[in-house]
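One file, run05.cif, is given below (mmCIF, C-alpha atoms and all ligand atoms; chains and numbers go by the auth columns).
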data_query
loop_
_atom_site.group_PDB
_atom_site.id
_atom_site.type_symbol
_atom_site.label_atom_id
_atom_site.label_comp_id
_atom_site.label_asym_id
_atom_site.label_seq_id
_atom_site.Cartn_x
_atom_site.Cartn_y
_atom_site.Cartn_z
_atom_site.B_iso_or_equiv
_atom_site.auth_seq_id
_atom_site.auth_asym_id
ATOM 1 C CA MET A 1 0.000 0.000 0.000 0.00 684 N
ATOM 2 C CA ILE A 2 2.741 2.449 1.064 0.00 685 N
ATOM 3 C CA SER A 3 4.996 1.173 -1.763 0.00 686 N
ATOM 4 C CA LYS A 4 2.200 1.902 -4.234 0.00 687 N
ATOM 5 C CA ARG A 5 1.623 5.437 -2.918 0.00 688 N
ATOM 6 C CA LEU A 6 5.360 6.228 -2.950 0.00 689 N
ATOM 7 C CA SER A 7 5.757 4.729 -6.452 0.00 690 N
ATOM 8 C CA ASP A 8 2.915 6.897 -7.738 0.00 691 N
ATOM 9 C CA ILE A 9 4.481 10.107 -6.497 0.00 692 N
ATOM 10 C CA SER A 10 8.045 9.133 -7.619 0.00 693 N
ATOM 11 C CA CYS A 11 8.944 9.885 -11.241 0.00 694 N
ATOM 12 C CA ASP A 12 11.066 6.679 -11.486 0.00 695 N
ATOM 13 C CA ALA A 13 12.592 3.786 -9.495 0.00 696 N
ATOM 14 C CA GLU A 14 15.740 5.768 -8.686 0.00 697 N
ATOM 15 C CA GLU A 15 13.802 8.572 -6.973 0.00 698 N
ATOM 16 C CA PHE A 16 11.701 5.915 -5.212 0.00 699 N
ATOM 17 C CA ASN A 17 14.809 4.199 -3.789 0.00 700 N
ATOM 18 C CA LYS A 18 16.199 7.513 -2.579 0.00 701 N
ATOM 19 C CA ALA A 19 13.036 8.238 -0.589 0.00 702 N
ATOM 20 C CA LYS A 20 12.051 4.762 0.615 0.00 703 N
ATOM 21 C CA GLY A 21 14.552 4.611 3.531 0.00 704 N
ATOM 22 C CA ALA A 22 12.670 7.192 5.596 0.00 705 N
ATOM 23 C CA TYR A 23 9.337 5.441 4.949 0.00 706 N
ATOM 24 C CA GLU A 24 10.726 1.980 5.859 0.00 707 N
ATOM 25 C CA GLN A 25 12.125 3.381 9.081 0.00 708 N
ATOM 26 C CA ALA A 26 8.769 4.947 9.971 0.00 709 N
ATOM 27 C CA LEU A 27 7.027 1.634 9.209 0.00 710 N
ATOM 28 C CA ARG A 28 9.438 -0.373 11.335 0.00 711 N
ATOM 29 C CA SER A 29 9.001 2.019 14.257 0.00 712 N
ATOM 30 C CA SER A 30 5.252 1.455 13.967 0.00 713 N
ATOM 31 C CA GLY A 31 5.663 -2.339 14.071 0.00 714 N
ATOM 32 C CA TYR A 32 5.486 -3.129 10.357 0.00 715 N
ATOM 33 C CA ASP A 33 8.239 -4.952 8.540 0.00 716 N
ATOM 34 C CA GLU A 34 7.061 -4.345 4.955 0.00 717 N
ATOM 35 C CA LYS A 35 9.927 -4.248 2.444 0.00 718 N
ATOM 36 C CA MET A 36 9.245 -1.430 0.093 0.00 719 N
ATOM 37 C CA GLU A 37 9.632 -2.075 -3.609 0.00 720 N
ATOM 38 C CA TYR A 38 9.046 0.212 -6.559 0.00 721 N
ATOM 39 C CA ILE A 39 5.839 -0.624 -8.442 0.00 722 N
ATOM 40 C CA GLU A 40 5.917 0.168 -12.150 0.00 723 N
ATOM 41 C CA LYS A 41 3.275 2.743 -13.035 0.00 724 N
ATOM 42 C CA THR A 42 0.459 1.792 -15.350 0.00 725 N
ATOM 43 C CA SER A 43 -0.209 4.481 -17.982 0.00 726 N
ATOM 44 C CA ASN A 44 -1.947 7.437 -16.460 0.00 727 N
ATOM 45 C CA PRO A 45 -4.606 8.985 -18.656 0.00 728 N
ATOM 46 C CA ALA A 46 -3.925 12.348 -17.017 0.00 729 N
ATOM 47 C CA ASP A 47 -0.280 12.202 -18.142 0.00 730 N
ATOM 48 C CA PRO A 48 0.082 14.689 -21.039 0.00 731 N
ATOM 49 C CA LYS A 49 2.364 12.236 -22.933 0.00 732 N
ATOM 50 C CA VAL A 50 -0.210 9.444 -22.703 0.00 733 N
ATOM 51 C CA ARG A 51 -2.984 11.861 -23.587 0.00 734 N
ATOM 52 C CA ARG A 52 -1.118 13.053 -26.694 0.00 735 N
ATOM 53 C CA LYS A 53 -0.548 9.479 -27.807 0.00 736 N
ATOM 54 C CA ARG A 54 -4.202 8.585 -27.344 0.00 737 N
ATOM 55 C CA THR A 55 -5.359 11.704 -29.176 0.00 738 N
ATOM 56 C CA LYS A 56 -3.018 10.833 -32.050 0.00 739 N
ATOM 57 C CA ASN A 57 -4.470 7.311 -32.196 0.00 740 N
ATOM 58 C CA ILE A 58 -8.006 8.673 -32.196 0.00 741 N
ATOM 59 C CA ILE A 59 -7.154 11.171 -34.977 0.00 742 N
ATOM 60 C CA CYS A 60 -5.602 8.374 -37.065 0.00 743 N
ATOM 61 C CA CYS A 61 -8.814 6.325 -36.784 0.00 744 N
ATOM 62 C CA LEU A 62 -11.058 9.215 -37.861 0.00 745 N
ATOM 63 C CA PRO A 63 -11.640 9.972 -41.568 0.00 746 N
ATOM 64 C CA ASN A 64 -9.817 13.111 -42.664 0.00 747 N
ATOM 65 C CA VAL A 65 -11.672 16.367 -43.269 0.00 748 N
ATOM 66 C CA SER A 66 -11.547 16.160 -47.090 0.00 749 N
ATOM 67 C CA THR A 67 -13.088 12.652 -47.006 0.00 750 N
ATOM 68 C CA ILE A 68 -15.939 13.929 -44.812 0.00 751 N
ATOM 69 C CA LEU A 69 -16.452 16.981 -47.057 0.00 752 N
ATOM 70 C CA ASN A 70 -16.391 14.861 -50.221 0.00 753 N
ATOM 71 C CA SER A 71 -18.937 12.361 -48.890 0.00 754 N
ATOM 72 C CA THR A 72 -21.221 15.216 -47.681 0.00 755 N
ATOM 73 C CA ARG A 73 -20.866 16.930 -51.077 0.00 756 N
ATOM 74 C CA SER A 74 -21.699 13.763 -53.050 0.00 757 N
ATOM 75 C CA GLN A 75 -24.650 13.042 -50.730 0.00 758 N
ATOM 76 C CA ARG A 76 -25.882 16.614 -51.322 0.00 759 N
ATOM 77 C CA THR A 77 -25.447 16.202 -55.102 0.00 760 N
ATOM 78 C CA VAL A 78 -27.615 13.042 -55.058 0.00 761 N
ATOM 79 C CA GLU A 79 -30.291 14.837 -52.996 0.00 762 N
ATOM 80 C CA GLU A 80 -30.201 17.911 -55.268 0.00 763 N
ATOM 81 C CA LYS A 81 -30.456 15.665 -58.334 0.00 764 N
ATOM 82 C CA GLU A 82 -33.478 13.898 -56.821 0.00 765 N
ATOM 83 C CA ASP A 83 -35.037 17.296 -55.992 0.00 766 N
ATOM 84 C CA ARG A 84 -34.522 18.451 -59.570 0.00 767 N
ATOM 85 C CA MET A 85 -36.284 15.319 -60.864 0.00 768 N
ATOM 86 C CA CYS A 86 -39.378 15.581 -58.657 0.00 769 N
ATOM 87 C CA ASN A 87 -41.018 18.370 -56.676 0.00 770 N
ATOM 88 C CA CYS A 88 -43.945 16.375 -55.316 0.00 771 N
ATOM 89 C CA ARG A 89 -44.518 17.032 -51.627 0.00 772 N
ATOM 90 C CA ASN A 90 -45.202 13.357 -51.090 0.00 773 N
ATOM 91 C CA LYS A 91 -42.612 11.542 -53.214 0.00 774 N
ATOM 92 C CA ALA A 92 -44.553 8.280 -52.790 0.00 775 N
ATOM 93 C CA LYS A 93 -47.485 9.851 -54.656 0.00 776 N
ATOM 94 C CA CYS A 94 -45.396 11.096 -57.599 0.00 777 N
ATOM 95 C CA PRO A 95 -47.264 9.980 -60.775 0.00 778 N
ATOM 96 C CA ILE A 96 -44.035 8.825 -62.381 0.00 779 N
ATOM 97 C CA SER A 97 -41.889 7.464 -59.515 0.00 780 N
ATOM 98 C CA GLY A 98 -39.817 10.541 -58.715 0.00 781 N
ATOM 99 C CA GLU A 99 -39.168 11.681 -62.311 0.00 782 N
ATOM 100 C CA CYS A 100 -42.051 14.094 -62.852 0.00 783 N
ATOM 101 C CA LEU A 101 -39.789 17.061 -63.677 0.00 784 N
ATOM 102 C CA LYS A 102 -38.111 15.318 -66.628 0.00 785 N
ATOM 103 C CA THR A 103 -38.473 17.290 -69.831 0.00 786 N
ATOM 104 C CA ALA A 104 -38.634 16.270 -73.519 0.00 787 N
ATOM 105 C CA VAL A 105 -40.122 12.855 -72.889 0.00 788 N
ATOM 106 C CA VAL A 106 -42.377 10.385 -74.642 0.00 789 N
ATOM 107 C CA TYR A 107 -44.767 8.946 -72.082 0.00 790 N
ATOM 108 C CA GLU A 108 -47.433 6.296 -71.904 0.00 791 N
ATOM 109 C CA ALA A 109 -50.744 6.284 -70.060 0.00 792 N
ATOM 110 C CA THR A 110 -52.376 2.911 -69.443 0.00 793 N
ATOM 111 C CA LEU A 111 -56.091 2.942 -68.763 0.00 794 N
ATOM 112 C CA GLN A 112 -57.149 -0.322 -67.210 0.00 795 N
ATOM 113 C CA THR A 113 -60.766 -1.371 -66.818 0.00 796 N
ATOM 114 C CA GLU A 114 -62.078 -4.745 -65.741 0.00 797 N
ATOM 115 C CA GLU A 115 -62.585 -5.800 -69.359 0.00 798 N
ATOM 116 C CA THR A 116 -60.006 -3.984 -71.430 0.00 799 N
ATOM 117 C CA GLN A 117 -56.862 -1.925 -71.505 0.00 800 N
ATOM 118 C CA TYR A 118 -56.301 1.349 -73.363 0.00 801 N
ATOM 119 C CA GLN A 119 -52.900 2.710 -74.201 0.00 802 N
ATOM 120 C CA TYR A 120 -52.126 6.325 -74.922 0.00 803 N
ATOM 121 C CA ILE A 121 -48.717 7.524 -76.045 0.00 804 N
ATOM 122 C CA GLY A 122 -47.910 11.220 -75.856 0.00 805 N
ATOM 123 C CA LEU A 123 -44.983 13.607 -75.737 0.00 806 N
ATOM 124 C CA THR A 124 -44.041 16.836 -74.097 0.00 807 N
ATOM 125 C CA GLU A 125 -41.244 19.341 -74.601 0.00 808 N
ATOM 126 C CA HIS A 126 -41.803 20.686 -71.096 0.00 809 N
ATOM 127 C CA THR A 127 -41.877 18.833 -67.778 0.00 810 N
ATOM 128 C CA PHE A 128 -43.923 15.659 -67.584 0.00 811 N
ATOM 129 C CA LYS A 129 -45.677 17.131 -64.563 0.00 812 N
ATOM 130 C CA ALA A 130 -47.019 20.120 -66.513 0.00 813 N
ATOM 131 C CA ARG A 131 -48.397 17.737 -69.174 0.00 814 N
ATOM 132 C CA TYR A 132 -49.807 15.420 -66.494 0.00 815 N
ATOM 133 C CA ASN A 133 -51.635 18.347 -64.845 0.00 816 N
ATOM 134 C CA ALA A 134 -53.077 19.345 -68.246 0.00 817 N
ATOM 135 C CA HIS A 135 -54.339 15.762 -68.746 0.00 818 N
ATOM 136 C CA LYS A 136 -55.878 15.754 -65.252 0.00 819 N
ATOM 137 C CA SER A 137 -57.612 19.040 -65.983 0.00 820 N
ATOM 138 C CA SER A 138 -59.036 17.574 -69.238 0.00 821 N
ATOM 139 C CA PHE A 139 -60.522 14.659 -67.253 0.00 822 N
ATOM 140 C CA ASN A 140 -62.335 17.045 -64.897 0.00 823 N
ATOM 141 C CA ASN A 141 -63.504 19.804 -67.255 0.00 824 N
ATOM 142 C CA ALA A 142 -66.130 18.807 -69.784 0.00 825 N
ATOM 143 C CA ASN A 143 -65.103 21.596 -72.150 0.00 826 N
ATOM 144 C CA GLN A 144 -61.667 19.915 -72.478 0.00 827 N
ATOM 145 C CA ARG A 145 -62.964 16.398 -73.111 0.00 828 N
ATOM 146 C CA LEU A 146 -61.935 16.471 -76.773 0.00 829 N
ATOM 147 C CA SER A 147 -58.414 17.739 -76.124 0.00 830 N
ATOM 148 C CA THR A 148 -56.792 14.269 -76.432 0.00 831 N
ATOM 149 C CA GLU A 149 -57.767 10.712 -77.333 0.00 832 N
ATOM 150 C CA LEU A 150 -57.102 9.878 -73.696 0.00 833 N
ATOM 151 C CA SER A 151 -59.513 12.489 -72.322 0.00 834 N
ATOM 152 C CA LYS A 152 -62.180 11.304 -74.820 0.00 835 N
ATOM 153 C CA THR A 153 -61.842 7.714 -73.545 0.00 836 N
ATOM 154 C CA VAL A 154 -61.856 8.811 -69.893 0.00 837 N
ATOM 155 C CA TRP A 155 -65.046 10.806 -70.404 0.00 838 N
ATOM 156 C CA GLU A 156 -66.714 7.862 -72.186 0.00 839 N
ATOM 157 C CA LEU A 157 -65.824 5.564 -69.283 0.00 840 N
ATOM 158 C CA LYS A 158 -67.064 8.115 -66.758 0.00 841 N
ATOM 159 C CA GLU A 159 -70.381 8.459 -68.566 0.00 842 N
ATOM 160 C CA GLN A 160 -70.808 4.688 -68.656 0.00 843 N
ATOM 161 C CA HIS A 161 -69.840 4.498 -64.966 0.00 844 N
ATOM 162 C CA VAL A 162 -67.027 2.090 -65.763 0.00 845 N
ATOM 163 C CA PRO A 163 -64.376 2.109 -63.050 0.00 846 N
ATOM 164 C CA TYR A 164 -60.832 2.479 -64.341 0.00 847 N
ATOM 165 C CA ASN A 165 -57.254 2.703 -63.146 0.00 848 N
ATOM 166 C CA LEU A 166 -54.744 4.996 -64.837 0.00 849 N
ATOM 167 C CA LYS A 167 -50.967 4.467 -64.747 0.00 850 N
ATOM 168 C CA TRP A 168 -48.203 6.608 -66.223 0.00 851 N
ATOM 169 C CA ALA A 169 -44.736 5.731 -67.454 0.00 852 N
ATOM 170 C CA ILE A 170 -41.943 7.482 -69.315 0.00 853 N
ATOM 171 C CA LEU A 171 -41.023 5.490 -72.428 0.00 854 N
ATOM 172 C CA LYS A 172 -38.168 7.569 -73.865 0.00 855 N
ATOM 173 C CA HIS A 173 -36.212 10.683 -73.152 0.00 856 N
ATOM 174 C CA SER A 174 -35.347 12.788 -76.201 0.00 857 N
ATOM 175 C CA GLN A 175 -34.024 16.182 -77.369 0.00 858 N
ATOM 176 C CA PRO A 176 -36.437 19.102 -77.815 0.00 859 N
ATOM 177 C CA TYR A 177 -36.442 20.645 -81.295 0.00 860 N
ATOM 178 C CA ARG A 178 -34.161 23.650 -81.819 0.00 861 N
ATOM 179 C CA GLY A 179 -33.996 25.940 -84.858 0.00 862 N
ATOM 180 C CA GLY A 180 -31.591 24.579 -87.466 0.00 863 N
ATOM 181 C CA MET A 181 -32.245 20.905 -86.695 0.00 864 N
ATOM 182 C CA ARG A 182 -33.315 18.888 -89.754 0.00 865 N
ATOM 183 C CA ALA A 183 -35.909 16.880 -87.877 0.00 866 N
ATOM 184 C CA CYS A 184 -37.660 16.883 -84.525 0.00 867 N
ATOM 185 C CA ASP A 185 -36.137 14.080 -82.541 0.00 868 N
ATOM 186 C CA LEU A 186 -38.908 14.188 -79.944 0.00 869 N
ATOM 187 C CA CYS A 187 -41.702 13.733 -82.513 0.00 870 N
ATOM 188 C CA LEU A 188 -39.765 10.995 -84.311 0.00 871 N
ATOM 189 C CA THR A 189 -39.291 9.181 -80.996 0.00 872 N
ATOM 190 C CA GLU A 190 -43.019 9.388 -80.273 0.00 873 N
ATOM 191 C CA LYS A 191 -43.844 8.035 -83.752 0.00 874 N
ATOM 192 C CA LEU A 192 -41.427 5.169 -83.263 0.00 875 N
ATOM 193 C CA CYS A 193 -43.047 4.325 -79.898 0.00 876 N
ATOM 194 C CA ILE A 194 -46.542 4.358 -81.493 0.00 877 N
ATOM 195 C CA ILE A 195 -45.447 2.168 -84.437 0.00 878 N
ATOM 196 C CA THR A 196 -43.737 -0.389 -82.204 0.00 879 N
ATOM 197 C CA SER A 197 -46.564 -0.467 -79.647 0.00 880 N
ATOM 198 C CA LYS A 198 -48.468 -3.740 -79.676 0.00 881 N
ATOM 199 C CA HIS A 199 -51.664 -2.174 -78.404 0.00 882 N
ATOM 200 C CA VAL A 200 -54.438 -1.164 -80.775 0.00 883 N
ATOM 201 C CA ASN A 201 -55.861 1.582 -78.617 0.00 884 N
ATOM 202 C CA THR A 202 -52.867 3.861 -78.924 0.00 885 N
ATOM 203 C CA LYS A 203 -53.072 7.444 -80.089 0.00 886 N
ATOM 204 C CA LYS A 204 -54.628 7.374 -83.563 0.00 887 N
ATOM 205 C CA ARG A 205 -51.980 6.092 -85.918 0.00 888 N
ATOM 206 C CA ARG A 206 -52.869 8.653 -88.598 0.00 889 N
ATOM 207 C CA GLU A 207 -51.280 11.247 -86.318 0.00 890 N
ATOM 208 C CA ILE A 208 -47.990 9.624 -87.249 0.00 891 N
ATOM 209 C CA LEU A 209 -48.253 11.377 -90.612 0.00 892 N
ATOM 210 C CA ASN A 210 -48.590 14.819 -89.037 0.00 893 N
ATOM 211 C CA LYS A 211 -45.602 17.121 -89.269 0.00 894 N
ATOM 212 C CA SER A 212 -43.885 18.047 -86.012 0.00 895 N
ATOM 213 C CA ARG A 213 -45.718 20.939 -84.382 0.00 896 N
ATOM 214 C CA HIS A 214 -42.438 21.901 -82.722 0.00 897 N
ATOM 215 C CA MET A 215 -40.858 22.520 -86.131 0.00 898 N
ATOM 216 C CA ASN A 216 -43.966 24.389 -87.331 0.00 899 N
ATOM 217 C CA LYS A 217 -43.914 26.850 -84.473 0.00 900 N
ATOM 218 C CA LEU A 218 -40.415 27.944 -85.387 0.00 901 N
ATOM 219 C CA LEU A 219 -41.218 28.616 -89.053 0.00 902 N
ATOM 220 C CA LEU A 220 -40.793 32.243 -90.146 0.00 903 N
ATOM 221 C CA ARG A 221 -44.382 32.561 -91.350 0.00 904 N
ATOM 222 C CA LYS A 222 -45.550 31.922 -87.781 0.00 905 N
ATOM 223 C CA CYS A 223 -43.829 35.103 -86.686 0.00 906 N
ATOM 224 C CA LEU A 224 -45.586 37.311 -89.256 0.00 907 N
HETATM 225 ZN ZN ZN B . -42.884 13.979 -58.600 0.00 1001 A
HETATM 226 ZN ZN ZN B . -41.645 17.753 -82.589 0.00 1002 A
#

Represent the structure contained in this file as structure tokens.
Amino acid sequence: MISKRLSDISCDAEEFNKAKGAYEQALRSSGYDEKMEYIEKTSNPADPKVRRKRTKNIICCLPNVSTILNSTRSQRTVEEKEDRMCNCRNKAKCPISGECLKTAVVYEATLQTEETQYQYIGLTEHTFKARYNAHKSSFNNANQRLSTELSKTVWELKEQHVPYNLKWAILKHSQPYRGGMRACDLCLTEKLCIITSKHVNTKKRREILNKSRHMNKLLLRKCL
């Protein structure tokens, strides 16, 4: 016990041996015959040297600042990218699985009733969401019932009280038409999707022969 106390306050064995004589004498005079021996110190966490070493070890185990910044940055980029693709408050209710802000797309609407399935293929230069909202408006406003083949079918089903389920999907992403281009890639993509579709109830196939309205709107005569 005394050896331990004296060892703790001595910086090394040499200093311990210098001081132990007086302690042994005091012990003997009190009836104890304990032989004092230096007890090696275990590392003291309060010792600045030990503390430095531990801190260094901890620092070595931690990822460096640039790694943390890079991972935060890439995480933020993924989140920003997701935000740019969808602005629905409830992402689970996004009509197109988190991609509603995609632009220049060819999309497909599938109208499912108990007896049959209707397919509608459309395109938009702008965001899918803007086109989707226009479709929804045409299903609710009677004066817009003739705006698309899809709205016509929806209104017919509604009038016959036939329950239906409507699903949306993006078929292709394309380039919007720009002045100087020889053809409208977006319209050609839509035509290709209609031709290759196996379903008979697609957008009327005669529309395939129509010239791109995107090219028309950029013709000079439209500006006069
Ligand atoms: Zn969305
Ligand atoms: Zn076009």

From the list N:Asn816, N:Leu794, N:Arg688, N:Gly714, which residue is nearest ligand ZN 1001 (chain A) when using all atoms listed in the file?
-> N:Asn816

Give the residue list for ligand ZN 1002 (chain A) at 12 Å, counting all atoms listed in the file, as a count of residues only, sorted by chain and then by residue number.
-> 35

Could you please extract the residues within 8 Å of ligand ZN 1001 (chain A), counting all atoms listed in the file, and hand them back as a ChimeraX atom specification?
-> /N:768-774,776-784,812

Please measure the separation of atom CA of Lys855 of chain N and atom CA of Asn824 of chain N, giving the value in Å to one decimal.
->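 About the pair atom CA of Lys855 of chain N and atom CA of Asn824 of chain N: they are 28.9 Å apart.
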
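Put simply, atom CA of Tyr790 of chain N is 5.1 Å away from atom CA of Leu854 of chain N.
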
Using all atoms listed in the file, list the residues that have an atom at most 9 Å from (2.9, 2.0, 0.5), coordinates as in the file, as a short mmCIF file (atom, residue, chain, number, x, y, z; two decimals) with C-alpha atoms, in the frame of the given file.
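The resulting file, point_32.cif, is reproduced below:
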data_model
loop_
_atom_site.label_atom_id
_atom_site.label_comp_id
_atom_site.auth_asym_id
_atom_site.auth_seq_id
_atom_site.Cartn_x
_atom_site.Cartn_y
_atom_site.Cartn_z
CA MET N 684 0.00 0.00 0.00
CA ILE N 685 2.74 2.45 1.06
CA SER N 686 5.00 1.17 -1.76
CA LYS N 687 2.20 1.90 -4.23
CA ARG N 688 1.62 5.44 -2.92
CA LEU N 689 5.36 6.23 -2.95
CA SER N 690 5.76 4.73 -6.45
CA TYR N 706 9.34 5.44 4.95
CA GLU N 717 7.06 -4.34 4.96
CA MET N 719 9.24 -1.43 0.09
CA GLU N 720 9.63 -2.08 -3.61
#

Expected selection from the PyMOL selection byres (((chain N and resi 819) around 12) and not hetatm), given as a list in words =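 Checking the PyMOL selection byres (((chain N and resi 819) around 12) and not hetatm) against this file, the residues are Pro778, Ala792, Lys812, Ala813, Arg814, Tyr815, Asn816, Ala817, His818, Ser820, Ser821, Phe822, Asn823, Asn824, Ala825, Gln827, Arg828, Ser830, Thr831, Leu833, Ser834, Val837, Trp838, Leu849 and Trp851 of chain N.
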
Residues just named, written with C-alpha atoms as a short mmCIF file (atom, residue, chain, number, x, y, z; two decimals), in the frame of the given file:
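Output file part-v1.cif is given in full below:
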data_model
loop_
_atom_site.label_atom_id
_atom_site.label_comp_id
_atom_site.auth_asym_id
_atom_site.auth_seq_id
_atom_site.Cartn_x
_atom_site.Cartn_y
_atom_site.Cartn_z
CA PRO N 778 -47.26 9.98 -60.78
CA ALA N 792 -50.74 6.28 -70.06
CA LYS N 812 -45.68 17.13 -64.56
CA ALA N 813 -47.02 20.12 -66.51
CA ARG N 814 -48.40 17.74 -69.17
CA TYR N 815 -49.81 15.42 -66.49
CA ASN N 816 -51.64 18.35 -64.84
CA ALA N 817 -53.08 19.34 -68.25
CA HIS N 818 -54.34 15.76 -68.75
CA SER N 820 -57.61 19.04 -65.98
CA SER N 821 -59.04 17.57 -69.24
CA PHE N 822 -60.52 14.66 -67.25
CA ASN N 823 -62.34 17.05 -64.90
CA ASN N 824 -63.50 19.80 -67.26
CA ALA N 825 -66.13 18.81 -69.78
CA GLN N 827 -61.67 19.92 -72.48
CA ARG N 828 -62.96 16.40 -73.11
CA SER N 830 -58.41 17.74 -76.12
CA THR N 831 -56.79 14.27 -76.43
CA LEU N 833 -57.10 9.88 -73.70
CA SER N 834 -59.51 12.49 -72.32
CA VAL N 837 -61.86 8.81 -69.89
CA TRP N 838 -65.05 10.81 -70.40
CA LEU N 849 -54.74 5.00 -64.84
CA TRP N 851 -48.20 6.61 -66.22
#

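The gap separating atom CA of Leu875 of chain N from atom CA of Glu797 of chain N is 28.8 Å, in Å to one decimal.
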
Distance criterion (only C-alpha atoms): nearest to Tyr803 of chain N out of N:Ser713, N:Glu839, N:Ala852, N:Asn753 =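 Nearest candidate to Tyr803 of chain N out of N:Ser713, N:Glu839, N:Ala852, N:Asn753: N:Ala852.
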
Which residues come within 10 Å of segment 692-694 of chain N, counting only C-alpha atoms, excluding same-chain residues fewer than 6 positions away, as a ChimeraX atom specification?
-> /N:700-702,721,724

Quick one: of N:Leu840, N:Ala775, N:Ile722, N:Ile877, who's nearest to Glu798 of chain N, counting all atoms listed in the file?
->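 When distances to Glu798 of chain N are compared using all atoms listed in the file, the smallest one comes from N:Leu840.
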
Check the smallest atom-to-atom distance from each of N:Lys835, N:Asp691, N:Lys718, N:Gly863 to Lys703 of chain N using only C-alpha atoms, then report the winner.
->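 Counting only C-alpha atoms, the residue closest to Lys703 of chain N is N:Lys718.
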
For segment 697-712 of chain N, what centre and edge lengths in Å (one decimal) does the axis-aligned box get once 4 Å is added on each side of all its listed atoms, as lines of an AutoDock Vina configuration file?
center_x = 11.6
center_y = 4.1
center_z = 2.8
size_x = 17.2
size_y = 16.9
size_z = 30.9

Export: segment 806-820 of chain N, N, CA and C atoms, as a compact mmCIF listing (two decimals), in the first residue's frame:
# COMPACT_ATOMS: atom_id res chain seq x y z
N LEU N 806 -46.31 13.01 -75.93
CA LEU N 806 -44.98 13.61 -75.74
C LEU N 806 -45.13 14.99 -75.13
N THR N 807 -44.07 15.45 -74.56
CA THR N 807 -44.04 16.84 -74.10
C THR N 807 -42.63 17.38 -74.17
N GLU N 808 -42.54 18.65 -74.60
CA GLU N 808 -41.24 19.34 -74.60
C GLU N 808 -40.91 19.79 -73.19
N HIS N 809 -41.97 20.12 -72.44
CA HIS N 809 -41.80 20.69 -71.10
C HIS N 809 -41.75 19.56 -70.07
N THR N 810 -41.97 19.89 -68.79
CA THR N 810 -41.88 18.83 -67.78
C THR N 810 -43.07 17.87 -67.91
N PHE N 811 -42.84 16.64 -67.55
CA PHE N 811 -43.92 15.66 -67.58
C PHE N 811 -45.05 16.13 -66.67
N LYS N 812 -44.67 16.74 -65.55
CA LYS N 812 -45.68 17.13 -64.56
C LYS N 812 -46.66 18.15 -65.13
N ALA N 813 -46.14 19.11 -65.91
CA ALA N 813 -47.02 20.12 -66.51
C ALA N 813 -48.01 19.43 -67.46
N ARG N 814 -47.52 18.46 -68.23
CA ARG N 814 -48.40 17.74 -69.17
C ARG N 814 -49.42 16.88 -68.40
N TYR N 815 -48.95 16.27 -67.34
CA TYR N 815 -49.81 15.42 -66.49
C TYR N 815 -50.95 16.26 -65.90
N ASN N 816 -50.61 17.47 -65.42
CA ASN N 816 -51.64 18.35 -64.84
C ASN N 816 -52.66 18.77 -65.91
N ALA N 817 -52.16 18.98 -67.15
CA ALA N 817 -53.08 19.35 -68.25
C ALA N 817 -54.02 18.17 -68.54
N HIS N 818 -53.49 16.95 -68.53
CA HIS N 818 -54.34 15.76 -68.75
C HIS N 818 -55.39 15.68 -67.64
N LYS N 819 -54.95 15.87 -66.38
CA LYS N 819 -55.88 15.75 -65.25
C LYS N 819 -57.01 16.78 -65.37
N SER N 820 -56.62 17.98 -65.80
CA SER N 820 -57.61 19.04 -65.98
C SER N 820 -58.62 18.64 -67.07
